[in-house]
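Trainee: Shown below is the structure under consideration.
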Amino acid sequence: MAKKEKVKKPFYKKWWVWILAVIIIGAIAGGGEDTDNEKTAPANTEVNTEETTATETKTDTTKENAEVKEEPKKAEKEEEPKEPEVPTEYKSALQKAESYAEIMSMSKQGTYDQLTSEAGEQFPKDAAQYAIDNIKWDWKENALKKAKEYTETMAMSKDAVYDQLISEAGEQFTPEEAQYAIDNLDK
């Protein structure tokens with residue numbers, strides 16, 4: 001009769017190895033929770049207890065003082081007027097308006113029309129109006145840029161450029177902005 005050889009399991013498949021691993025991991029994880037007072041506690045616990053009590057009393061007093069001081073700050077903050085939240089769509093319209101003004105040298109009215117146009121950006125009128133009200137732009141400089149484009153690329157006269165700048169079918173600059181452009185065209 002042949003004797004069966006007993007096959008040994010690898011050590012990592014034994015139950016006691018896993019229990020030991022769990023205990024070690026638990027000890028490591030729990031070891032980080034010790035406070036500095038426990039690690040450096042002197043042998044004389046009576047002195048340590050008195051010092052801890054004194055420290056706790058100071059801390060409690062400090063916390064109470066901090067709470068009293070914080071209350072007026074909260075009241076002050078409540079009294080200050082808060083800026084209303086600006087909807088994302090309004091912010092987007094403002095960014096688009098700045099883009100049109102910078103890249104395409106559009107007029108204020110032209111920018112508004114592009115923002116609200118069904119063939120354009122399709123922003124609601126209130127979002128477009130917010131953008132126009134809050135954009136910080138030199139519209140006269142845009143009129144001048146457009147005037148230079150028309151004279152250089154289309155060889156238009158100053159009168160024709162002026163008409164194009166103020167036209168509702170054209171650039172829609174104000175008469176003041178268009179006149180500034182014409183006055184500064186040769187400079």
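How things are named: the first chain in the structure tokens is A, the next is B, and so on; residues count from 1 in each chain; ligands count from 1 in the order shown.
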If we count only C-alpha atoms and set the cut-off at 12 Å, which residues sit around A:Gln129, ignoring sequence neighbours fewer than 3 positions away in its own chain? Please answer as a compact mmCIF listing (two decimals) with all heavy atoms, in the first residue's frame.
Mentor:
```txt
# COMPACT_ATOMS: atom_id res chain seq x y z
N GLU A 89 -25.72 81.67 -17.33
CA GLU A 89 -26.05 82.13 -18.69
C GLU A 89 -25.69 83.60 -18.88
O GLU A 89 -25.23 84.01 -19.94
CB GLU A 89 -27.54 81.90 -18.96
CG GLU A 89 -27.90 82.06 -20.41
CD GLU A 89 -29.25 81.47 -20.73
OE1 GLU A 89 -30.18 81.60 -19.91
OE2 GLU A 89 -29.37 80.89 -21.81
N TYR A 90 -25.86 84.40 -17.84
CA TYR A 90 -25.49 85.82 -17.91
C TYR A 90 -23.97 85.96 -18.04
O TYR A 90 -23.48 86.78 -18.82
CB TYR A 90 -25.96 86.56 -16.66
CG TYR A 90 -27.44 86.85 -16.61
CD1 TYR A 90 -28.39 85.94 -17.07
CD2 TYR A 90 -27.90 88.03 -16.06
CE1 TYR A 90 -29.74 86.21 -17.00
CE2 TYR A 90 -29.26 88.32 -16.00
CZ TYR A 90 -30.17 87.40 -16.47
OH TYR A 90 -31.50 87.67 -16.40
N LYS A 91 -23.24 85.16 -17.27
CA LYS A 91 -21.78 85.20 -17.34
C LYS A 91 -21.30 84.77 -18.73
O LYS A 91 -20.37 85.35 -19.27
CB LYS A 91 -21.17 84.28 -16.27
CG LYS A 91 -21.37 84.77 -14.86
CD LYS A 91 -20.81 83.75 -13.88
CE LYS A 91 -21.08 84.14 -12.44
NZ LYS A 91 -20.59 83.12 -11.49
N ALA A 93 -22.96 85.03 -21.53
CA ALA A 93 -23.29 86.10 -22.48
C ALA A 93 -22.25 87.22 -22.40
O ALA A 93 -21.83 87.77 -23.42
CB ALA A 93 -24.68 86.65 -22.20
N LEU A 94 -21.81 87.54 -21.19
CA LEU A 94 -20.78 88.57 -21.02
C LEU A 94 -19.47 88.14 -21.68
O LEU A 94 -18.81 88.93 -22.36
CB LEU A 94 -20.57 88.89 -19.53
CG LEU A 94 -19.51 89.92 -19.19
CD1 LEU A 94 -19.79 91.25 -19.87
CD2 LEU A 94 -19.42 90.10 -17.68
N ALA A 97 -19.88 88.47 -25.39
CA ALA A 97 -19.88 89.88 -25.78
C ALA A 97 -18.45 90.41 -25.83
O ALA A 97 -18.08 91.13 -26.77
CB ALA A 97 -20.72 90.70 -24.79
N LYS A 108 -21.68 98.13 -29.80
CA LYS A 108 -22.49 97.67 -28.66
C LYS A 108 -23.80 97.07 -29.15
O LYS A 108 -24.19 95.97 -28.75
CB LYS A 108 -22.75 98.84 -27.70
CG LYS A 108 -23.44 98.45 -26.43
CD LYS A 108 -23.77 99.64 -25.55
CE LYS A 108 -22.58 100.03 -24.72
NZ LYS A 108 -22.94 101.02 -23.66
N GLN A 109 -24.49 97.79 -30.06
CA GLN A 109 -25.77 97.30 -30.58
C GLN A 109 -25.57 96.04 -31.43
O GLN A 109 -26.35 95.10 -31.34
CB GLN A 109 -26.47 98.38 -31.41
CG GLN A 109 -27.86 97.98 -31.87
CD GLN A 109 -28.82 97.69 -30.72
OE1 GLN A 109 -28.89 98.45 -29.76
NE2 GLN A 109 -29.55 96.59 -30.82
N THR A 111 -23.25 93.82 -31.05
CA THR A 111 -22.95 92.74 -30.12
C THR A 111 -24.24 92.22 -29.48
O THR A 111 -24.47 91.00 -29.41
CB THR A 111 -21.97 93.22 -29.03
OG1 THR A 111 -20.76 93.67 -29.65
CG2 THR A 111 -21.64 92.12 -28.04
N TYR A 112 -25.11 93.15 -29.06
CA TYR A 112 -26.39 92.75 -28.46
C TYR A 112 -27.21 91.93 -29.47
O TYR A 112 -27.75 90.87 -29.13
CB TYR A 112 -27.18 93.99 -28.02
CG TYR A 112 -28.56 93.66 -27.49
CD1 TYR A 112 -28.74 93.29 -26.17
CD2 TYR A 112 -29.68 93.68 -28.32
CE1 TYR A 112 -30.00 92.97 -25.67
CE2 TYR A 112 -30.93 93.36 -27.86
CZ TYR A 112 -31.09 92.99 -26.53
OH TYR A 112 -32.34 92.67 -26.06
N ASP A 113 -27.28 92.42 -30.71
CA ASP A 113 -28.05 91.72 -31.73
C ASP A 113 -27.49 90.32 -32.00
O ASP A 113 -28.24 89.36 -32.19
CB ASP A 113 -28.07 92.53 -33.03
CG ASP A 113 -28.91 93.79 -32.91
OD1 ASP A 113 -29.65 93.94 -31.91
OD2 ASP A 113 -28.81 94.64 -33.82
N GLN A 114 -26.17 90.20 -32.01
CA GLN A 114 -25.54 88.89 -32.24
C GLN A 114 -25.83 87.93 -31.08
O GLN A 114 -26.06 86.75 -31.29
CB GLN A 114 -24.03 89.05 -32.43
CG GLN A 114 -23.30 87.79 -32.77
CD GLN A 114 -23.69 87.21 -34.13
OE1 GLN A 114 -24.13 87.92 -35.03
NE2 GLN A 114 -23.53 85.90 -34.28
N LEU A 115 -25.83 88.47 -29.86
CA LEU A 115 -26.10 87.62 -28.69
C LEU A 115 -27.53 87.09 -28.69
O LEU A 115 -27.78 85.96 -28.26
CB LEU A 115 -25.84 88.40 -27.39
CG LEU A 115 -24.39 88.75 -27.08
CD1 LEU A 115 -24.33 89.64 -25.84
CD2 LEU A 115 -23.54 87.51 -26.89
N THR A 116 -28.49 87.89 -29.17
CA THR A 116 -29.90 87.49 -29.12
C THR A 116 -30.41 86.87 -30.40
O THR A 116 -31.50 86.31 -30.42
CB THR A 116 -30.79 88.71 -28.77
OG1 THR A 116 -30.58 89.73 -29.76
CG2 THR A 116 -30.49 89.24 -27.39
N PHE A 123 -29.04 83.91 -26.93
CA PHE A 123 -29.17 84.18 -25.51
C PHE A 123 -30.50 84.88 -25.27
O PHE A 123 -30.99 85.62 -26.13
CB PHE A 123 -28.05 85.09 -25.00
CG PHE A 123 -26.74 84.39 -24.77
CD1 PHE A 123 -25.68 84.54 -25.65
CD2 PHE A 123 -26.55 83.58 -23.66
CE1 PHE A 123 -24.47 83.90 -25.45
CE2 PHE A 123 -25.35 82.93 -23.44
CZ PHE A 123 -24.30 83.09 -24.33
N PRO A 124 -31.11 84.68 -24.09
CA PRO A 124 -32.31 85.45 -23.75
C PRO A 124 -31.96 86.95 -23.71
O PRO A 124 -30.82 87.33 -23.43
CB PRO A 124 -32.70 84.94 -22.36
CG PRO A 124 -31.95 83.67 -22.16
CD PRO A 124 -30.75 83.73 -23.04
N LYS A 125 -32.95 87.77 -23.95
CA LYS A 125 -32.70 89.22 -24.00
C LYS A 125 -32.15 89.76 -22.68
O LYS A 125 -31.30 90.64 -22.69
CB LYS A 125 -33.97 89.97 -24.40
CG LYS A 125 -34.34 89.73 -25.84
CD LYS A 125 -35.58 90.48 -26.25
CE LYS A 125 -35.86 90.18 -27.73
NZ LYS A 125 -36.96 90.96 -28.25
N ASP A 126 -32.62 89.21 -21.56
CA ASP A 126 -32.12 89.70 -20.27
C ASP A 126 -30.65 89.34 -20.05
O ASP A 126 -29.89 90.12 -19.48
CB ASP A 126 -32.99 89.23 -19.10
CG ASP A 126 -33.17 87.72 -19.04
OD1 ASP A 126 -32.89 87.03 -20.04
OD2 ASP A 126 -33.60 87.22 -17.99
N ILE A 132 -24.28 93.53 -22.05
CA ILE A 132 -24.05 94.88 -22.59
C ILE A 132 -23.89 95.89 -21.45
O ILE A 132 -23.05 96.79 -21.52
CB ILE A 132 -25.20 95.29 -23.53
CG1 ILE A 132 -25.22 94.37 -24.75
CG2 ILE A 132 -25.12 96.75 -23.93
CD1 ILE A 132 -23.95 94.34 -25.57
N ASP A 133 -24.65 95.72 -20.39
CA ASP A 133 -24.56 96.64 -19.25
C ASP A 133 -23.26 96.48 -18.47
O ASP A 133 -22.82 97.42 -17.81
CB ASP A 133 -25.75 96.43 -18.30
CG ASP A 133 -27.07 96.87 -18.91
OD1 ASP A 133 -27.05 97.59 -19.93
OD2 ASP A 133 -28.12 96.45 -18.38
N ASN A 134 -22.67 95.30 -18.52
CA ASN A 134 -21.50 95.03 -17.69
C ASN A 134 -20.18 94.92 -18.44
O ASN A 134 -19.14 94.77 -17.81
CB ASN A 134 -21.73 93.75 -16.87
CG ASN A 134 -22.76 93.97 -15.80
OD1 ASN A 134 -22.48 94.57 -14.78
ND2 ASN A 134 -23.98 93.52 -16.05
N ILE A 135 -20.21 95.01 -19.76
CA ILE A 135 -18.97 94.94 -20.51
C ILE A 135 -18.25 96.29 -20.40
O ILE A 135 -18.87 97.34 -20.44
CB ILE A 135 -19.22 94.55 -21.99
CG1 ILE A 135 -17.90 94.26 -22.70
CG2 ILE A 135 -20.03 95.62 -22.72
CD1 ILE A 135 -18.08 93.67 -24.09
```
Trainee: With a distance cut-off of 12 Å and only C-alpha atoms, select the neighbouring residues of A:Gly170, excluding the residue or stretch itself and same-chain residues fewer than 3 positions from it, and output the selection as a VMD selection string.
Mentor: chain A and resid 106 to 107 109 to 110 113 143 146 to 147 150 160 to 167 173 to 174 178
Trainee: Using Å and a single decimal, report how far atom CA of A:Trp139 sits from atom CA of A:Ser117.
Mentor: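 Calculated distance between atom CA of A:Ser117 and atom CA of A:Trp139 is 20.5 Å.
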Trainee: Between atom CA of A:Asp138 and atom CA of A:Pro84, measure the distance and give it in Å to one decimal.
Mentor: 26.7 Å
Trainee: In Å, with one decimal, what is the gap from atom CA of A:Asn142 to atom CA of A:Asp186?
Mentor: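 Between atom CA of A:Asn142 and atom CA of A:Asp186 the gap works out to 15.3 Å.
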Trainee: Ranking A:Tyr180, A:Leu185, A:Glu121, A:Tyr130 by minimum distance to A:Thr151 and counting only C-alpha atoms, which one comes first?
Mentor: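 Smallest separation from A:Thr151 among the options: A:Leu185.
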